[in-house]
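A.B. asks: So that you have it, the file is final.pdb, and it contains PDB, C-alpha atoms, pLDDT in the B column:
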ATOM      1  CA  MET A 688      26.807 -50.873 140.857  1.00 66.00           C
ATOM      2  CA  ILE A 689      28.509 -51.664 144.173  1.00 75.00           C
ATOM      3  CA  ARG A 690      25.366 -53.439 145.391  1.00 79.00           C
ATOM      4  CA  LEU A 691      25.364 -55.586 142.243  1.00 75.00           C
ATOM      5  CA  PHE A 692      29.018 -56.466 142.733  1.00 74.00           C
ATOM      6  CA  ASP A 693      28.456 -57.322 146.401  1.00 78.00           C
ATOM      7  CA  ALA A 694      25.443 -59.473 145.485  1.00 80.00           C
ATOM      8  CA  TRP A 695      27.495 -61.265 142.864  1.00 75.00           C
ATOM      9  CA  GLN A 696      30.368 -61.825 145.308  1.00 77.00           C
ATOM     10  CA  SER A 697      28.044 -63.243 147.955  1.00 82.00           C
ATOM     11  CA  GLY A 698      26.267 -65.518 145.474  1.00 78.00           C
ATOM     12  CA  ASN A 699      22.917 -63.743 145.870  1.00 79.00           C
ATOM     13  CA  LEU A 700      22.811 -62.593 142.274  1.00 75.00           C
ATOM     14  CA  GLN A 701      21.268 -65.053 139.876  1.00 75.00           C
ATOM     15  CA  PRO A 702      22.439 -64.975 136.253  1.00 72.00           C
ATOM     16  CA  VAL A 703      19.949 -63.624 133.787  1.00 74.00           C
ATOM     17  CA  GLN A 704      19.081 -66.103 131.083  1.00 76.00           C
ATOM     18  CA  PRO A 705      18.291 -64.462 127.738  1.00 76.00           C
ATOM     19  CA  GLN A 706      14.792 -65.172 126.561  1.00 83.00           C
ATOM     20  CA  LEU A 707      14.882 -66.599 123.093  1.00 85.00           C
ATOM     21  CA  PRO A 708      11.785 -66.420 120.931  1.00 87.00           C
ATOM     22  CA  ASP A 709       9.960 -69.553 119.922  1.00 89.00           C
ATOM     23  CA  PHE A 710      11.374 -69.994 116.442  1.00 87.00           C
ATOM     24  CA  THR A 711       8.733 -72.590 115.633  1.00 92.00           C
ATOM     25  CA  ASN A 712       6.180 -69.754 115.735  1.00 93.00           C
ATOM     26  CA  PRO A 713       6.662 -67.722 112.507  1.00 93.00           C
ATOM     27  CA  SER A 714       5.127 -64.505 113.857  1.00 94.00           C
ATOM     28  CA  GLU A 715       7.282 -64.546 117.020  1.00 92.00           C
ATOM     29  CA  ALA A 716      10.402 -65.317 114.962  1.00 92.00           C
ATOM     30  CA  ALA A 717       9.552 -62.476 112.569  1.00 95.00           C
ATOM     31  CA  ARG A 718       9.130 -60.016 115.460  1.00 94.00           C
ATOM     32  CA  ALA A 719      12.461 -61.114 116.945  1.00 93.00           C
ATOM     33  CA  TRP A 720      14.151 -60.660 113.567  1.00 94.00           C
ATOM     34  CA  ALA A 721      12.552 -57.197 113.140  1.00 96.00           C
ATOM     35  CA  ASP A 722      13.679 -56.143 116.636  1.00 95.00           C
ATOM     36  CA  GLN A 723      17.248 -57.212 115.903  1.00 94.00           C
ATOM     37  CA  TYR A 724      17.162 -55.491 112.518  1.00 96.00           C
ATOM     38  CA  ASP A 725      15.952 -52.235 114.100  1.00 96.00           C
ATOM     39  CA  ALA A 726      18.606 -52.485 116.816  1.00 95.00           C
ATOM     40  CA  ARG A 727      21.314 -52.961 114.173  1.00 96.00           C
ATOM     41  CA  LEU A 728      20.109 -49.922 112.213  1.00 96.00           C
ATOM     42  CA  ALA A 729      20.112 -47.827 115.393  1.00 96.00           C
ATOM     43  CA  ALA A 730      23.651 -49.012 116.225  1.00 95.00           C
ATOM     44  CA  GLU A 731      24.872 -48.190 112.712  1.00 96.00           C
ATOM     45  CA  GLU A 732      23.379 -44.704 113.010  1.00 96.00           C
ATOM     46  CA  GLN A 733      25.139 -44.220 116.353  1.00 95.00           C
ATOM     47  CA  VAL A 734      28.440 -45.259 114.761  1.00 93.00           C
ATOM     48  CA  LYS A 735      27.928 -42.647 112.022  1.00 93.00           C
ATOM     49  CA  LEU A 736      27.298 -39.976 114.658  1.00 92.00           C
ATOM     50  CA  LEU A 737      30.410 -40.927 116.658  1.00 91.00           C
ATOM     51  CA  GLU A 738      32.738 -41.210 113.649  1.00 90.00           C
ATOM     52  CA  PRO A 739      33.884 -37.546 113.695  1.00 86.00           C
ATOM     53  CA  ALA A 740      34.701 -37.761 117.407  1.00 84.00           C
ATOM     54  CA  ALA A 741      36.656 -40.959 116.802  1.00 84.00           C
ATOM     55  CA  ARG A 742      38.706 -39.238 114.093  1.00 81.00           C
ATOM     56  CA  VAL A 743      39.488 -36.348 116.451  1.00 76.00           C
ATOM     57  CA  GLY A 744      40.520 -38.836 119.124  1.00 75.00           C
ATOM     58  CA  GLU A 745      42.812 -40.654 116.709  1.00 78.00           C
ATOM     59  CA  MET A 746      44.446 -37.390 115.666  1.00 71.00           C
ATOM     60  CA  ALA A 747      44.858 -36.232 119.258  1.00 68.00           C
ATOM     61  CA  CYS A 748      46.520 -39.499 120.270  1.00 72.00           C
ATOM     62  CA  ASN A 749      48.793 -39.717 117.237  1.00 68.00           C
ATOM     63  CA  ARG A 750      52.288 -39.031 118.563  1.00 66.00           C
ATOM     64  CA  ASN A 751      53.422 -37.660 115.186  1.00 70.00           C
ATOM     65  CA  TYR A 752      50.621 -35.101 115.130  1.00 68.00           C
ATOM     66  CA  THR A 753      51.756 -31.777 116.597  1.00 71.00           C
ATOM     67  CA  LEU A 754      49.438 -29.518 118.558  1.00 69.00           C
ATOM     68  CA  GLN A 755      49.674 -26.872 115.853  1.00 72.00           C
ATOM     69  CA  ARG A 756      48.702 -29.354 113.159  1.00 76.00           C
ATOM     70  CA  PHE A 757      45.860 -30.748 115.271  1.00 73.00           C
ATOM     71  CA  ILE A 758      44.391 -27.296 115.967  1.00 75.00           C
ATOM     72  CA  ARG A 759      44.532 -26.385 112.282  1.00 77.00           C
ATOM     73  CA  THR A 760      42.112 -29.228 111.468  1.00 76.00           C
ATOM     74  CA  PHE A 761      39.288 -27.227 113.051  1.00 77.00           C
ATOM     75  CA  PRO A 762      37.852 -24.653 110.638  1.00 80.00           C
ATOM     76  CA  GLY A 763      37.755 -21.084 111.901  1.00 84.00           C
ATOM     77  CA  VAL A 764      39.783 -21.738 115.052  1.00 82.00           C
ATOM     78  CA  ASN A 765      42.356 -19.150 116.121  1.00 84.00           C
ATOM     79  CA  THR A 766      45.471 -21.204 116.902  1.00 81.00           C
ATOM     80  CA  MET A 767      47.125 -18.419 118.888  1.00 83.00           C
ATOM     81  CA  GLN A 768      44.063 -18.071 121.123  1.00 85.00           C
ATOM     82  CA  ILE A 769      43.959 -21.837 121.687  1.00 82.00           C
ATOM     83  CA  LYS A 770      47.629 -21.801 122.729  1.00 81.00           C
ATOM     84  CA  LYS A 771      46.984 -18.907 125.135  1.00 85.00           C
ATOM     85  CA  ASP A 772      44.040 -20.785 126.643  1.00 86.00           C
ATOM     86  CA  LEU A 773      46.086 -23.982 127.017  1.00 83.00           C
ATOM     87  CA  LEU A 774      48.899 -22.015 128.686  1.00 84.00           C
ATOM     88  CA  ARG A 775      46.470 -20.340 131.075  1.00 87.00           C
ATOM     89  CA  GLU A 776      44.862 -23.682 132.007  1.00 84.00           C
ATOM     90  CA  GLY A 777      48.218 -25.386 132.569  1.00 81.00           C
ATOM     91  CA  TYR A 778      48.081 -27.815 129.649  1.00 78.00           C
ATOM     92  CA  LEU A 779      51.110 -26.119 128.059  1.00 79.00           C
ATOM     93  CA  TYR A 780      54.084 -24.296 129.477  1.00 79.00           C
ATOM     94  CA  ARG A 781      57.091 -22.424 128.134  1.00 82.00           C
ATOM     95  CA  ARG A 782      60.591 -23.880 128.294  1.00 82.00           C
ATOM     96  CA  ASP A 783      63.386 -21.774 126.800  1.00 84.00           C
ATOM     97  CA  GLY A 784      60.813 -19.740 124.872  1.00 78.00           C
ATOM     98  CA  THR A 785      59.199 -22.836 123.333  1.00 77.00           C
ATOM     99  CA  LEU A 786      55.717 -24.113 124.115  1.00 73.00           C
ATOM    100  CA  VAL A 787      55.797 -27.674 125.423  1.00 74.00           C
ATOM    101  CA  SER A 788      53.210 -29.962 126.922  1.00 72.00           C
ATOM    102  CA  PRO A 789      53.879 -31.881 130.109  1.00 66.00           C
ATOM    103  CA  LYS A 790      54.360 -35.610 129.636  1.00 56.00           C
ATOM    104  CA  ALA A 791      51.634 -37.891 130.895  1.00 45.00           C
ATOM    105  CA  PRO A 792      52.808 -40.325 133.583  1.00 44.00           C
ATOM    106  CA  ALA A 793      52.483 -43.296 131.178  1.00 44.00           C
ATOM    107  CA  GLN A 794      54.858 -41.596 128.704  1.00 42.00           C
ATOM    108  CA  ASP A 795      57.717 -41.181 131.218  1.00 42.00           C
ATOM    109  CA  SER A 796      59.097 -44.682 130.718  1.00 42.00           C
TER
END
For this file, write the structure as structure tokens.
C.D. replies:
Amino acid sequence: MIRLFDAWQSGNLQPVQPQLPDFTNPSEAARAWADQYDARLAAEEQVKLLEPAARVGEMACNRNYTLQRFIRTFPGVNTMQIKKDLLREGYLYRRDGTLVSPKAPAQDS
């Protein structure tokens, strides 16, 4: 990646021109359409696979969503064990007997 950036900076990297099919040729146009159609189906399938992870990410980043409530969304998860693990790993700490999470640097303002 650094080599590509350096080549671009020095002007030694030539832009890649996309190769368009000859749309006057019906068979070539049909193959191009089929390739794009297959690529779209593959992308839609990937979106379906990533949807659960995106929902978890949204919940985790929601400032109104408490840790307790977030953990309870996972079936069969022992919330007390999760809290113990987070304490042990330094993601939580106790202040006046209450579990709190440290603020991220971006949240300090």
A.B. asks: In terms of the shortest atom-to-atom distance over only C-alpha atoms, which of A:Ala716, A:Gly698, A:Thr753, A:Val764 is closest to A:Val787?
C.D. replies: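 Nearest to A:Val787: A:Thr753.
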A.B. asks: When the PyMOL selection byres ((chain A and resi 769) around 12) is applied to the structure above, which residues does it catch, written out as a PDB file with C-alpha atoms, in the coordinates of the input?
C.D. replies:
ATOM      1  CA  LEU A 754      49.438 -29.518 118.558  1.00 69.00           C
ATOM      2  CA  GLN A 755      49.674 -26.872 115.853  1.00 72.00           C
ATOM      3  CA  PHE A 757      45.860 -30.748 115.271  1.00 73.00           C
ATOM      4  CA  ILE A 758      44.391 -27.296 115.967  1.00 75.00           C
ATOM      5  CA  ARG A 759      44.532 -26.385 112.282  1.00 77.00           C
ATOM      6  CA  PHE A 761      39.288 -27.227 113.051  1.00 77.00           C
ATOM      7  CA  GLY A 763      37.755 -21.084 111.901  1.00 84.00           C
ATOM      8  CA  VAL A 764      39.783 -21.738 115.052  1.00 82.00           C
ATOM      9  CA  ASN A 765      42.356 -19.150 116.121  1.00 84.00           C
ATOM     10  CA  THR A 766      45.471 -21.204 116.902  1.00 81.00           C
ATOM     11  CA  MET A 767      47.125 -18.419 118.888  1.00 83.00           C
ATOM     12  CA  GLN A 768      44.063 -18.071 121.123  1.00 85.00           C
ATOM     13  CA  LYS A 770      47.629 -21.801 122.729  1.00 81.00           C
ATOM     14  CA  LYS A 771      46.984 -18.907 125.135  1.00 85.00           C
ATOM     15  CA  ASP A 772      44.040 -20.785 126.643  1.00 86.00           C
ATOM     16  CA  LEU A 773      46.086 -23.982 127.017  1.00 83.00           C
ATOM     17  CA  LEU A 774      48.899 -22.015 128.686  1.00 84.00           C
ATOM     18  CA  ARG A 775      46.470 -20.340 131.075  1.00 87.00           C
ATOM     19  CA  GLU A 776      44.862 -23.682 132.007  1.00 84.00           C
ATOM     20  CA  TYR A 778      48.081 -27.815 129.649  1.00 78.00           C
ATOM     21  CA  LEU A 779      51.110 -26.119 128.059  1.00 79.00           C
TER      22      LEU A 779
END
A.B. asks: Rounded to one decimal in Å, what is the spacing between atom CA of A:Ala726 and atom CA of A:Asp709?
C.D. replies: 19.4 Å
A.B. asks: Edge lengths and centre, in Å to one decimal, as AutoDock Vina command-line options: that's what I need for the box along x, y and z that holds all listed atoms of stretch 755-768 of chain A plus 6 Å on each side.
C.D. replies:
--center_x 43.7 --center_y -24.4 --center_z 115.9 --size_x 23.9 --size_y 24.7 --size_z 22.5
A.B. asks: Can you pull out every residue within 12 Å of stretch 737-743 of chain A, counting only C-alpha atoms, but drop anything in the same chain fewer than 3 positions away, and send it as a list in words?
C.D. replies: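 Selected residues are Ala730, Glu731, Glu732, Gln733, Val734, Met746, Ala747, Cys748, Asn749, Tyr752, Phe757, Ile758, Arg759, Thr760 and Phe761 of chain A.
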A.B. asks: To one decimal in Å, tell me the separation between atom CA of A:Leu707 and atom CA of A:Ala719.
C.D. replies: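 We find that atom CA of A:Leu707 and atom CA of A:Ala719 lie 8.6 Å from each other.
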A.B. asks: What is the distance between atom CA of A:Arg727 and atom CA of A:Gln701, in Å to one decimal?
C.D. replies: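 Computing the Euclidean distance for atom CA of A:Arg727 and atom CA of A:Gln701 yields 28.4 Å.
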A.B. asks: Is there a way to complete stretch 774-790 of chain A with N, CA and C atoms and then write that out as an mmCIF file, in the coordinates of the input?
C.D. replies:
data_model
loop_
_atom_site.group_PDB
_atom_site.id
_atom_site.type_symbol
_atom_site.label_atom_id
_atom_site.label_comp_id
_atom_site.auth_asym_id
_atom_site.auth_seq_id
_atom_site.Cartn_x
_atom_site.Cartn_y
_atom_site.Cartn_z
ATOM 1 N N LEU A 774 47.896 -22.505 127.743
ATOM 2 C CA LEU A 774 48.899 -22.015 128.686
ATOM 3 C C LEU A 774 48.241 -21.606 130.003
ATOM 4 N N ARG A 775 47.170 -20.837 129.883
ATOM 5 C CA ARG A 775 46.470 -20.340 131.075
ATOM 6 C C ARG A 775 45.927 -21.494 131.921
ATOM 7 N N GLU A 776 45.443 -22.550 131.280
ATOM 8 C CA GLU A 776 44.862 -23.682 132.007
ATOM 9 C C GLU A 776 45.901 -24.699 132.470
ATOM 10 N N GLY A 777 47.157 -24.500 132.096
ATOM 11 C CA GLY A 777 48.218 -25.386 132.569
ATOM 12 C C GLY A 777 48.458 -26.623 131.722
ATOM 13 N N TYR A 778 47.857 -26.675 130.529
ATOM 14 C CA TYR A 778 48.081 -27.815 129.649
ATOM 15 C C TYR A 778 49.359 -27.649 128.829
ATOM 16 N N LEU A 779 49.847 -26.432 128.732
ATOM 17 C CA LEU A 779 51.110 -26.119 128.059
ATOM 18 C C LEU A 779 51.931 -25.237 128.985
ATOM 19 N N TYR A 780 53.223 -25.240 128.767
ATOM 20 C CA TYR A 780 54.084 -24.296 129.477
ATOM 21 C C TYR A 780 55.255 -23.947 128.569
ATOM 22 N N ARG A 781 55.951 -22.877 128.934
ATOM 23 C CA ARG A 781 57.091 -22.424 128.134
ATOM 24 C C ARG A 781 58.389 -22.937 128.743
ATOM 25 N N ARG A 782 59.249 -23.478 127.880
ATOM 26 C CA ARG A 782 60.591 -23.880 128.294
ATOM 27 C C ARG A 782 61.556 -23.313 127.259
ATOM 28 N N ASP A 783 62.433 -22.437 127.697
ATOM 29 C CA ASP A 783 63.386 -21.774 126.800
ATOM 30 C C ASP A 783 62.690 -21.093 125.630
ATOM 31 N N GLY A 784 61.542 -20.471 125.904
ATOM 32 C CA GLY A 784 60.813 -19.740 124.872
ATOM 33 C C GLY A 784 59.975 -20.615 123.955
ATOM 34 N N THR A 785 59.957 -21.913 124.186
ATOM 35 C CA THR A 785 59.199 -22.836 123.333
ATOM 36 C C THR A 785 58.032 -23.398 124.122
ATOM 37 N N LEU A 786 56.877 -23.516 123.470
ATOM 38 C CA LEU A 786 55.717 -24.113 124.115
ATOM 39 C C LEU A 786 55.883 -25.628 124.132
ATOM 40 N N VAL A 787 55.723 -26.213 125.294
ATOM 41 C CA VAL A 787 55.797 -27.674 125.423
ATOM 42 C C VAL A 787 54.641 -28.143 126.281
ATOM 43 N N SER A 788 54.262 -29.391 126.088
ATOM 44 C CA SER A 788 53.210 -29.962 126.922
ATOM 45 C C SER A 788 53.851 -30.914 127.911
ATOM 46 N N PRO A 789 53.320 -30.950 129.128
ATOM 47 C CA PRO A 789 53.879 -31.881 130.109
ATOM 48 C C PRO A 789 53.623 -33.308 129.672
ATOM 49 N N LYS A 790 54.550 -34.205 129.981
ATOM 50 C CA LYS A 790 54.360 -35.610 129.636
ATOM 51 C C LYS A 790 53.354 -36.226 130.591
#
